[in-house]
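> Enclosed is the structure file target-v3.txt (compact mmCIF, C-alpha atoms and all ligand atoms).
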# COMPACT_ATOMS: atom_id res chain seq x y z
CA MET A 1 97.55 113.04 62.86
CA PHE A 2 101.32 113.51 62.57
CA GLU A 3 103.33 112.21 59.69
CA PHE A 4 107.11 112.10 59.80
CA MET A 5 109.57 110.56 57.40
CA PHE A 6 111.47 107.92 59.31
CA ASP A 7 113.09 106.25 56.34
CA VAL A 8 116.86 106.18 56.18
CA ASP A 9 118.18 106.21 52.61
CA PRO A 10 120.92 103.56 52.25
CA GLU A 11 122.62 105.81 49.69
CA ALA A 12 122.75 108.86 52.02
CA SER A 13 126.10 110.61 52.54
CA GLU A 14 127.71 110.90 56.00
CA LYS A 15 126.73 114.54 56.15
CA GLU A 16 123.11 113.68 55.41
CA LEU A 17 123.17 110.91 58.01
CA ARG A 18 124.55 113.29 60.65
CA THR A 19 121.74 115.72 59.83
CA LEU A 20 119.22 112.89 60.23
CA VAL A 21 120.65 111.89 63.63
CA GLU A 22 120.35 115.53 64.76
CA ARG A 23 116.83 115.85 63.43
CA PHE A 24 115.63 112.67 65.12
CA GLU A 25 117.12 113.84 68.43
CA GLY A 26 115.09 117.04 68.14
CA LEU A 27 111.98 115.03 67.28
CA LYS A 28 112.38 112.95 70.44
CA SER A 29 112.39 116.15 72.54
CA LYS A 30 109.40 117.57 70.71
CA ALA A 31 107.53 114.30 71.18
CA ALA A 32 108.37 114.37 74.91
CA ALA A 33 106.95 117.89 75.18
CA ALA A 34 103.74 116.93 73.38
CA GLN A 35 103.50 113.82 75.57
CA ALA A 36 103.82 116.01 78.69
CA ARG A 37 101.00 118.29 77.47
CA ALA A 38 98.77 115.29 76.74
CA THR A 39 99.55 113.79 80.17
CA ALA A 40 98.77 116.99 82.09
CA LEU A 41 95.54 117.48 80.15
CA TRP A 42 94.53 113.84 80.76
CA ALA A 43 95.01 114.35 84.51
CA ALA A 44 92.96 117.58 84.45
CA LYS A 45 90.11 115.89 82.55
CA ARG A 46 90.12 112.93 84.93
CA ALA A 47 89.98 115.26 87.93
CA ALA A 48 87.07 117.24 86.41
CA ALA A 49 85.15 114.06 85.59
CA GLU A 50 85.66 112.69 89.09
CA GLN A 51 84.59 115.96 90.66
CA ALA A 52 81.45 115.97 88.50
CA ALA A 53 80.73 112.39 89.58
CA GLY A 54 81.00 113.37 93.24
CA VAL A 55 84.19 111.40 94.02
CA PRO A 56 85.62 112.77 97.30
CA ALA A 57 88.77 114.88 96.77
CA ARG A 58 91.08 112.45 98.62
CA ARG A 59 90.04 109.57 96.35
CA ARG A 60 90.42 111.40 93.04
CA GLY A 61 93.16 110.45 90.61
CA LYS A 62 93.63 106.97 92.14
CA GLY A 63 95.26 104.64 89.69
CA LEU A 64 95.81 107.36 87.06
CA THR A 65 99.60 107.37 87.48
CA ALA A 66 99.66 103.62 86.81
CA GLU A 67 97.59 104.17 83.64
CA ILE A 68 100.03 106.85 82.47
CA ALA A 69 103.00 104.56 83.12
CA LEU A 70 101.46 101.62 81.26
CA ALA A 71 100.63 103.89 78.30
CA ARG A 72 104.38 104.70 78.26
CA ARG A 73 105.25 100.98 78.58
CA ASP A 74 106.80 101.69 81.94
CA ALA A 75 106.43 100.22 85.44
CA PRO A 76 103.37 101.65 87.25
CA ALA A 77 105.62 102.88 90.06
CA CYS A 78 107.19 105.35 87.58
CA GLY A 79 103.81 106.97 86.80
CA ASN A 80 104.11 109.47 89.63
CA THR A 81 107.33 110.84 88.16
CA HIS A 82 105.83 111.06 84.66
CA LEU A 83 102.73 112.93 85.85
CA GLY A 84 104.69 115.17 88.22
CA MET A 85 107.10 116.11 85.45
CA ALA A 86 104.29 116.79 82.96
CA ARG A 87 102.46 119.04 85.40
CA ALA A 88 105.60 120.93 86.42
CA LEU A 89 106.59 121.57 82.79
CA VAL A 90 103.12 122.62 81.68
CA GLU A 91 102.09 124.63 84.73
CA GLU A 92 105.28 125.93 86.33
CA MET A 93 108.20 125.89 83.88
CA PRO A 94 107.31 127.58 80.58
CA HIS A 95 110.95 128.23 79.54
CA THR A 96 112.12 124.67 80.20
CA MET A 97 109.04 123.45 78.33
CA ALA A 98 109.86 125.75 75.41
CA ALA A 99 113.42 124.40 75.27
CA LEU A 100 112.05 120.84 75.20
CA GLU A 101 109.44 121.75 72.61
CA SER A 102 112.01 123.36 70.33
CA GLY A 103 114.17 120.25 70.50
CA ILE A 104 117.26 121.78 72.15
CA LEU A 105 116.76 120.17 75.59
CA SER A 106 116.39 116.39 75.93
CA GLU A 107 113.62 114.84 78.01
CA TYR A 108 116.18 113.51 80.49
CA ARG A 109 117.75 116.95 81.03
CA ALA A 110 114.29 118.49 81.48
CA LEU A 111 113.65 115.81 84.11
CA LEU A 112 116.87 116.81 85.90
CA VAL A 113 115.67 120.44 86.08
CA VAL A 114 112.25 119.35 87.34
CA ARG A 115 113.80 117.01 89.90
CA GLU A 116 116.30 119.53 91.28
CA SER A 117 113.60 122.19 91.70
CA ALA A 118 110.93 119.88 93.11
CA CYS A 119 111.16 121.31 96.64
CA LEU A 120 110.45 124.90 95.54
CA SER A 121 107.15 126.80 95.77
CA VAL A 122 105.38 127.51 92.48
CA GLN A 123 106.58 131.13 92.58
CA ASP A 124 110.23 130.16 93.19
CA ARG A 125 110.01 127.53 90.49
CA LEU A 126 108.83 130.10 87.96
CA THR A 127 111.82 132.26 88.95
CA LEU A 128 114.24 129.33 88.59
CA ASP A 129 112.78 128.48 85.20
CA ALA A 130 113.36 132.02 83.91
CA GLU A 131 116.84 132.36 85.47
CA LEU A 132 118.07 129.03 84.14
CA SER A 133 116.84 129.77 80.66
CA GLU A 134 118.58 133.18 80.74
CA LEU A 135 121.81 131.58 81.99
CA ALA A 136 121.79 128.61 79.61
CA GLN A 137 121.15 130.59 76.40
CA GLY A 138 120.01 127.54 74.48
CA PHE A 139 121.81 124.92 76.61
CA HIS A 140 124.62 124.66 74.01
CA GLY A 141 127.32 122.32 75.27
CA TRP A 142 125.58 121.72 78.61
CA GLY A 143 125.85 118.07 79.67
CA ASN A 144 123.65 116.27 82.20
CA ARG A 145 125.87 117.23 85.15
CA ARG A 146 125.98 120.89 84.24
CA VAL A 147 122.20 121.09 83.83
CA ALA A 148 121.60 119.42 87.21
CA ALA A 149 124.28 121.45 88.98
CA GLU A 150 123.03 124.85 87.71
CA ALA A 151 119.43 123.99 88.59
CA LYS A 152 120.57 122.82 92.01
CA ALA A 153 122.56 126.01 92.63
CA ILE A 154 119.62 128.27 91.75
CA THR A 155 117.29 126.15 93.91
CA ALA A 156 119.63 126.42 96.91
CA ARG A 157 119.88 130.21 96.52
CA LEU A 158 116.11 130.73 96.13
CA ASP A 159 115.11 128.65 99.12
CA ALA A 160 117.91 127.21 101.25
CA ALA A 161 115.44 126.10 103.92
CA ALA A 162 113.47 124.02 101.40
CA VAL A 163 116.66 122.26 100.31
CA VAL A 164 117.56 121.42 103.93
CA GLU A 165 114.07 120.10 104.51
CA ARG A 166 114.24 118.03 101.35
CA ASN A 167 117.56 116.54 102.45
CA ASN A 168 116.04 115.66 105.80
CA LYS A 169 113.10 114.00 104.07
CA ALA A 170 115.46 112.04 101.83
CA VAL A 171 116.96 110.38 104.91
CA LYS A 172 113.63 108.57 105.29
CA ASP A 173 114.25 106.86 101.94
CA ARG A 174 117.44 105.14 103.13
CA CYS A 175 117.46 101.51 102.09
CA VAL A 176 119.49 98.54 100.86
CA THR A 177 118.80 96.97 97.47
CA THR A 178 120.32 94.29 95.26
CA ARG A 179 120.53 93.76 91.55
CA PRO A 180 122.15 90.99 89.55
CA ALA A 181 125.71 91.41 88.28
CA PRO A 182 127.33 89.20 85.59
CA ASN A 183 129.22 85.97 86.40
CA GLY A 184 127.27 84.85 89.46
CA MET A 185 127.85 88.11 91.32
CA VAL A 186 125.44 90.61 92.82
CA TYR A 187 125.51 94.38 93.49
CA VAL A 188 124.39 95.35 97.00
CA THR A 189 123.56 99.06 97.15
CA PHE A 190 123.15 101.16 100.30
CA LEU A 191 121.24 104.42 99.91
CA MET A 192 122.10 106.35 103.08
CA PRO A 193 122.90 109.81 104.46
CA LEU A 194 126.09 111.26 102.98
CA ALA A 195 128.15 111.36 106.20
CA GLN A 196 127.26 107.79 107.19
CA GLY A 197 127.93 106.43 103.71
CA ILE A 198 131.29 108.15 103.36
CA GLY A 199 132.15 107.03 106.91
CA MET A 200 131.33 103.43 106.08
CA TYR A 201 133.42 103.53 102.92
CA ALA A 202 136.35 105.15 104.80
CA ALA A 203 136.22 102.43 107.49
CA LEU A 204 136.46 99.72 104.82
CA LYS A 205 139.35 101.55 103.13
CA ARG A 206 141.20 101.79 106.46
CA GLU A 207 140.85 98.03 106.86
CA ALA A 208 142.37 97.55 103.39
CA ASP A 209 145.27 99.92 104.26
CA VAL A 210 146.42 97.79 107.21
CA CYS A 211 145.66 94.33 105.85
CA GLY A 212 148.49 93.35 103.49
CA ASP A 213 147.75 89.59 103.24
CA GLY A 214 147.92 89.51 99.45
CA ARG A 215 144.27 90.22 98.81
CA SER A 216 143.46 93.28 96.66
CA ARG A 217 142.03 96.40 98.32
CA GLY A 218 138.63 95.72 96.76
CA GLN A 219 138.66 92.13 98.03
CA VAL A 220 139.56 93.18 101.59
CA MET A 221 136.86 95.86 101.63
CA CYS A 222 134.20 93.47 100.34
CA ASP A 223 135.21 90.63 102.71
CA THR A 224 135.27 93.02 105.69
CA ALA A 225 131.79 94.34 104.87
CA TYR A 226 130.47 90.75 104.64
CA GLU A 227 132.10 89.70 107.92
CA ARG A 228 130.86 92.70 109.88
CA ILE A 229 127.32 92.61 108.54
CA THR A 230 126.68 88.87 108.77
CA GLY A 231 129.00 88.06 111.70
CA ARG A 232 130.42 85.15 109.69
CA GLY A 233 133.80 84.57 108.04
CA SER A 234 134.04 85.61 104.42
CA THR A 235 134.53 82.00 103.28
CA GLU A 236 131.54 80.67 105.22
CA PRO A 237 128.23 80.48 103.39
CA ALA A 238 125.63 83.07 104.32
CA GLU A 239 123.24 82.24 107.13
CA VAL A 240 120.14 82.98 105.12
CA HIS A 241 117.11 81.48 103.55
CA LEU A 242 117.68 80.94 99.86
CA ASN A 243 115.41 79.30 97.30
CA LEU A 244 116.92 77.76 94.23
CA VAL A 245 114.77 76.38 91.45
CA MET A 246 116.28 74.02 88.91
CA ALA A 247 115.23 71.19 86.60
CA ASP A 248 115.61 67.68 88.05
CA THR A 249 117.87 66.84 85.11
CA THR A 250 120.14 69.80 85.95
CA PHE A 251 120.16 68.85 89.63
CA SER A 252 121.40 65.36 88.76
CA GLY A 253 123.96 66.72 86.29
CA ARG A 254 122.30 65.41 83.12
CA ASP A 255 122.04 68.88 81.58
CA ASP A 256 123.25 72.43 82.24
CA CYS A 257 120.06 74.51 82.09
CA PRO A 258 120.38 77.61 84.28
CA ALA A 259 118.66 77.52 87.69
CA VAL A 260 116.71 80.47 89.10
CA VAL A 261 117.06 82.21 92.45
CA PRO A 262 113.79 84.13 93.01
CA GLY A 263 114.56 87.82 93.44
CA TYR A 264 117.93 87.44 91.67
CA GLY A 265 117.34 85.71 88.36
CA PRO A 266 119.10 82.96 86.38
CA VAL A 267 122.14 81.24 87.90
CA PRO A 268 124.43 78.99 85.80
CA ALA A 269 123.93 75.28 86.48
CA ALA A 270 127.48 74.79 87.77
CA VAL A 271 127.11 77.66 90.25
CA ALA A 272 123.73 76.30 91.40
CA ARG A 273 125.19 72.83 92.00
CA GLN A 274 128.08 74.38 93.91
CA LEU A 275 125.64 76.32 96.13
CA ILE A 276 123.90 73.02 96.92
CA GLY A 277 127.25 71.34 97.62
CA ASP A 278 128.24 74.16 100.01
CA ALA A 279 124.90 73.95 101.80
CA LEU A 280 125.20 70.19 102.22
CA ALA A 281 128.76 70.56 103.54
CA ASP A 282 127.72 73.23 106.06
CA GLU A 283 126.51 71.43 109.18
CA GLN A 284 124.46 74.40 110.33
CA ALA A 285 122.51 74.78 107.10
CA LYS A 286 119.87 72.36 106.01
CA ALA A 287 118.79 71.91 102.44
CA THR A 288 115.30 70.72 101.73
CA LEU A 289 113.94 69.58 98.40
CA ARG A 290 110.50 70.15 96.99
CA ARG A 291 109.20 68.86 93.70
CA LEU A 292 107.35 71.18 91.32
CA TYR A 293 105.43 70.06 88.26
CA ARG A 294 105.17 71.81 84.94
CA HIS A 295 102.61 71.70 82.16
CA PRO A 296 103.67 69.33 79.35
CA LYS A 297 102.74 71.83 76.64
CA SER A 298 103.49 75.33 77.99
CA GLY A 299 106.27 74.24 80.36
CA GLN A 300 104.88 76.54 83.07
CA LEU A 301 104.62 75.57 86.71
CA VAL A 302 101.27 73.95 87.44
CA ALA A 303 101.63 72.30 90.83
CA MET A 304 103.88 71.88 93.83
CA GLU A 305 104.31 68.67 95.76
CA SER A 306 102.87 68.59 99.28
CA ALA A 307 103.15 72.34 99.84
CA ALA A 308 99.78 73.00 98.20
CA ARG A 309 98.23 71.39 101.27
CA ILE A 310 99.79 73.96 103.60
CA PHE A 311 97.24 76.50 102.52
CA PRO A 312 97.57 79.44 102.05
CA LYS A 313 101.33 79.63 102.72
CA GLY A 314 102.07 76.91 100.16
CA LEU A 315 99.87 78.59 97.58
CA ALA A 316 101.61 81.93 98.12
CA MET A 317 104.98 80.21 97.71
CA PHE A 318 103.82 78.52 94.53
CA ILE A 319 102.56 81.82 93.06
CA GLY A 320 105.86 83.49 93.99
CA LEU A 321 107.85 80.77 92.21
CA ARG A 322 105.59 80.86 89.16
CA ASP A 323 105.47 84.68 88.76
CA GLN A 324 109.05 85.45 89.95
CA THR A 325 108.42 89.25 89.89
CA CYS A 326 105.38 91.55 90.06
CA ARG A 327 102.99 90.48 87.29
CA THR A 328 101.86 93.94 86.20
CA PRO A 329 103.21 94.54 82.67
CA TYR A 330 106.56 96.41 82.63
CA CYS A 331 106.92 96.17 86.42
CA ASN A 332 109.73 93.89 87.56
CA ALA A 333 109.59 94.79 91.23
CA GLU A 334 109.85 92.19 93.97
CA ILE A 335 106.61 90.43 94.88
CA ARG A 336 105.19 91.74 98.16
CA HIS A 337 101.53 90.75 97.92
CA HIS A 338 99.87 87.56 96.77
CA ASP A 339 96.57 88.88 95.61
CA HIS A 340 93.30 87.85 94.00
CA ALA A 341 92.99 88.96 90.35
CA THR A 342 89.20 88.98 90.74
CA PRO A 343 88.70 90.21 94.31
CA ASP A 344 87.25 88.02 97.03
CA ARG A 345 84.21 90.27 97.32
CA ASP A 346 83.37 89.70 93.62
CA GLY A 347 83.51 85.94 94.01
CA GLY A 348 87.19 85.53 93.10
CA GLN A 349 88.64 82.23 94.32
CA THR A 350 91.75 81.73 96.41
CA SER A 351 93.54 79.63 93.80
CA ALA A 352 96.70 79.51 91.73
CA LEU A 353 94.66 80.57 88.68
CA ASN A 354 93.12 83.63 90.35
CA GLY A 355 96.26 84.41 92.34
CA LEU A 356 98.85 86.96 91.25
CA GLY A 357 102.20 88.03 92.64
CA LEU A 358 102.23 91.84 92.81
CA CYS A 359 104.38 94.59 94.28
CA GLU A 360 102.78 96.92 96.80
CA ALA A 361 102.27 99.87 94.43
CA CYS A 362 100.68 97.74 91.70
CA ASN A 363 98.36 96.02 94.13
CA TYR A 364 96.95 99.36 95.27
CA ALA A 365 96.80 100.69 91.68
CA LYS A 366 94.62 97.81 90.51
CA GLU A 367 92.18 98.42 93.40
CA ALA A 368 91.35 101.87 91.93
CA PRO A 369 87.89 102.28 90.36
CA GLY A 370 87.56 101.16 86.75
CA TRP A 371 90.41 98.61 86.79
CA LYS A 372 89.73 94.99 85.96
CA VAL A 373 92.12 92.07 86.10
CA ASN A 374 91.24 88.63 84.69
CA THR A 375 93.33 85.50 84.57
CA ARG A 376 93.15 82.47 82.33
CA ASP A 377 95.06 79.29 81.99
CA GLY A 378 94.74 78.02 78.42
CA ASP A 379 97.12 75.13 77.64
CA GLY A 380 98.90 75.64 80.95
CA THR A 381 99.92 79.22 80.11
CA HIS A 382 98.98 81.53 82.97
CA THR A 383 97.93 84.86 81.46
CA ALA A 384 96.72 87.93 83.35
CA GLN A 385 94.76 90.59 81.47
CA PHE A 386 94.78 94.12 82.91
CA VAL A 387 92.03 96.49 81.67
CA THR A 388 92.33 100.16 82.65
CA PRO A 389 89.50 102.74 83.06
CA THR A 390 90.21 104.07 79.53
CA CYS A 391 89.80 100.51 78.19
CA ALA A 392 93.47 99.90 77.39
CA THR A 393 94.29 96.20 77.67
CA TYR A 394 97.68 94.83 78.72
CA TYR A 395 98.71 91.20 79.07
CA SER A 396 101.24 89.53 81.29
CA ILE A 397 102.30 85.91 80.85
CA ALA A 398 104.03 84.03 83.67
CA PRO A 399 107.73 83.49 82.83
CA PRO A 400 109.03 80.01 82.03
CA PRO A 401 110.66 78.08 84.89
CA PRO A 402 114.22 76.69 84.56
CA GLY A 403 115.04 73.67 82.43
CA THR A 404 114.42 72.76 78.81
CA ARG A 405 110.77 73.03 77.99
CA ILE A 406 109.70 69.87 76.28
CA THR A 407 111.47 66.99 77.95
CA HIS A 408 111.15 67.63 81.67
CA HIS A 409 107.86 67.69 83.46
CA THR A 410 109.13 68.14 86.97
CA ILE A 411 111.62 70.53 88.43
CA ASP A 412 113.19 70.53 91.83
CA LEU A 413 113.14 73.37 94.28
CA VAL A 414 116.04 73.35 96.68
CA THR A 415 115.58 75.43 99.79
CA PHE A 416 118.46 76.27 102.06
CA GLU A 417 117.63 77.11 105.61
CA ALA A 418 119.92 77.94 108.49
CA ALA A 419 119.56 75.54 111.39
ZN ZN A 501 104.46 96.11 90.37
Show how you would write the structure in this file as C-alpha cells.
Ligand SMILES: [Zn+2]


Amino acid sequence: MFEFMFDVDPEASEKELRTLVERFEGLKSKAAAAQARATALWAAKRAAAEQAAGVPARRRGKGLTAEIALARRDAPACGNTHLGMARALVEEMPHTMAALESGILSEYRALLVVRESACLSVQDRLTLDAELSELAQGFHGWGNRRVAAEAKAITARLDAAAVVERNNKAVKDRCVTTRPAPNGMVYVTFLMPLAQGIGMYAALKREADVCGDGRSRGQVMCDTAYERITGRGSTEPAEVHLNLVMADTTFSGRDDCPAVVPGYGPVPAAVARQLIGDALADEQAKATLRRLYRHPKSGQLVAMESAARIFPKGLAMFIGLRDQTCRTPYCNAEIRHHDHATPDRDGGQTSALNGLGLCEACNYAKEAPGWKVNTRDGDGTHTAQFVTPTCATYYSIAPPPPGTRITHHTIDLVTFEAA
C-alpha cells in the first residue's frame, strides 16, 4: 500500500542525516493523522453495522476502544483517548488535523490541543481550531507547553463556564497511586485539588523550616508525611499487609535472586531479607510463610501449599501471585478481578488454568460481544489467547516468578500482617 525508504546509508553526511531525522519526524505525524482517520472510520463502520444488526444504542461500540488500543499495542484503558482524539481531529478540528497531516505538528502536541479543548461544544471547538491555527502560523518554535497554554487560553475565553465545570469534575478523579522508583524506593503520588495539594506541600515545608535536627529538608518532609498519614514513627515499619515472594534459596541466603512484591515489582534479595528481619523484630507484626511450587520446565507457579484448599480465596491469591498484573496484553494495571477466561455460563471452570487476573476495564472489555479468551497450560506455561471481533489474536504469557529457573522447584511466599 505505502512504500517508504527507511534505509539509513552508513556513508551519509551529517547534513543528509539531519534531513533524514527531519523527514522521519514528519512521517510520524503523517502516519498519526492517517491512523486517526482509519480509527474514526472504523468506529463509524462498527456503529453502522451494530445499528443494522439491531443492537440497542446504549450497547453499541462496547469493547471497540479496547480493540483500537490493542491494535496500537497499548493498554486497553488507553483506547478511549485514542478514539476520542481520532474523532475530534476528523470531525471537529480540521486545521489541527491538517497541521498533523502535513507533518508540522507532532501527534503528542495534537493530543494536547484535543485534551485542552475537550470541554467545549462542537461549535466552540471549531472556533478554537481555526483561531489556534491562525495564531500559530505553522507552529514554528512552539514547544509542548506553549501549545497547551495557547489552547487552554482560547478554551477559557470561549467558554469559561465549561472550564469551571471541567475543573469541578476533575476533583472526582482525585486519587493516590504508587510506582516503583530505583534503589528500593517508591513514588507515592497524590492527585488532588490545587489548593489542597499546595496546602499539603506548604505544611510539610513549614515542618522542615522549624526542624533543624540535621536531616535534609526533603528527609524531614518525607518523614513528616509518613508519620502523619500512618500514625507511626518514621523508623517504625509500616502497619500494612505486604506480600513478598522469593525463592527458598534466596530466603535462606544461598543465592541473591530478586524477590517480588506484588503491585511493586522486583526487590533486591538483600532488601527483601531486611524487610523480613524488620518484620520478625517488630512484635506487632507477624510474618507467615507459604510454600509455592513451580513447574520444573517452565519455572512458572503451578501450585500453592494449603491455600488452594481455602477456595476460592486461595485460588484468587494464587492467580494474583502468578499473573502479578492484569493479563490483557500491554495492560500492566493492578489486578482487581479474578475472572474466568471462558465464562461460567459457557462451561468455564473455576480453576487456576481458566482463571485470569484482570483490571476492571479489561474485564468489562472482554465481556463485549465477539471477544473470546482461551487459556492453555502446555509444559507449565500459562498462556491466555485473546481474540477480538475483527479476528486479531493477542497472547499473554504469565511472567516468571522470582528465583533462578532451573534449579529451584519451590519458592516461599512471606506475608507480613499487622497483629
Ligand atoms: Zn487491564

> What residues of the protein or nucleic acid chains come within 6 Å of ligand ZN 501 (chain A) when you use all atoms listed in the file? Reply as a PyMOL selection string.

chain A and resi 326+328+331+333+358-359+361-362

> Output C-alpha atoms for every residue in the selection just made, as an mmCIF file, in the frame of the given file.


data_model
loop_
_atom_site.group_PDB
_atom_site.id
_atom_site.type_symbol
_atom_site.label_atom_id
_atom_site.label_comp_id
_atom_site.auth_asym_id
_atom_site.auth_seq_id
_atom_site.Cartn_x
_atom_site.Cartn_y
_atom_site.Cartn_z
ATOM 1 C CA CYS A 326 105.380 91.550 90.060
ATOM 2 C CA THR A 328 101.860 93.940 86.200
ATOM 3 C CA CYS A 331 106.920 96.170 86.420
ATOM 4 C CA ALA A 333 109.590 94.790 91.230
ATOM 5 C CA LEU A 358 102.230 91.840 92.810
ATOM 6 C CA CYS A 359 104.380 94.590 94.280
ATOM 7 C CA ALA A 361 102.270 99.870 94.430
ATOM 8 C CA CYS A 362 100.680 97.740 91.700
#

> CA of Ala392 (chain A) and CA of Asn363 (chain A), how far apart in Å?

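Taking CA of Asn363 (chain A) and CA of Ala392 (chain A), their separation equals 17.9 Å.
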
> Suppose you want the space between CA of Ala38 (chain A) and CA of Arg87 (chain A); what is it in Å?

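Value for the CA of Ala38 (chain A)-CA of Arg87 (chain A) distance: 10.1 Å.
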
> Which residue is closest to Met93 (chain A)? Choose from A:Tyr108, A:Gln219, A:Leu126, A:Gly54 and count only C-alpha atoms.

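For Met93 (chain A), the nearest of the candidates is A:Leu126.
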
> Can you tell me how far CA of Arg336 (chain A) sits from CA of Gln196 (chain A), in Å to one decimal?

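These two atoms are separated by 28.7 Å.
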
> With only C-alpha atoms counted, which protein, DNA or RNA residues have an atom no more than 9 Å from (102.2, 70.9, 75.0) in the file frame? Please answer as a list of chain:residue names.

A:His295, A:Pro296, A:Lys297, A:Ser298, A:Gly299, A:Asp379, A:Gly380, A:Ile406

> Would you pick out the contacts of Ser396 (chain A) at 8 Å or less, using only C-alpha atoms, so that residues sharing its chain but fewer than 2 positions from it are not included, and give the list as a PyMOL selection string?

chain A and resi 327-329+383-385+394+398

> Could you check which of A:Val147, A:Leu275, A:Ala130, A:Val220 is closest to Ala98 (chain A), using only C-alpha atoms?

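Looking at the shortest contact to Ala98 (chain A), the residue is A:Ala130.
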
> Of the candidates A:Glu131, A:Glu207, A:Asp74, A:Asp213, which one gets nearest to Ala225 (chain A) if we count all atoms listed in the file?

A:Glu207

> Ranking A:Leu70, A:Ala36, A:Leu204, A:Leu105 by minimum distance to Val387 (chain A) and counting all atoms listed in the file, which one comes first?

A:Leu70

> Name the residues in contact with Lys28 (chain A) at a cut-off of 9 Å, using only C-alpha atoms, excluding same-chain residues fewer than 3 positions from it; report them as a list in words.

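Answer for this query is Arg23, Phe24, Glu25, Ala31, Ala32, Ala33, Gly103, Ser106 and Glu107 of chain A.
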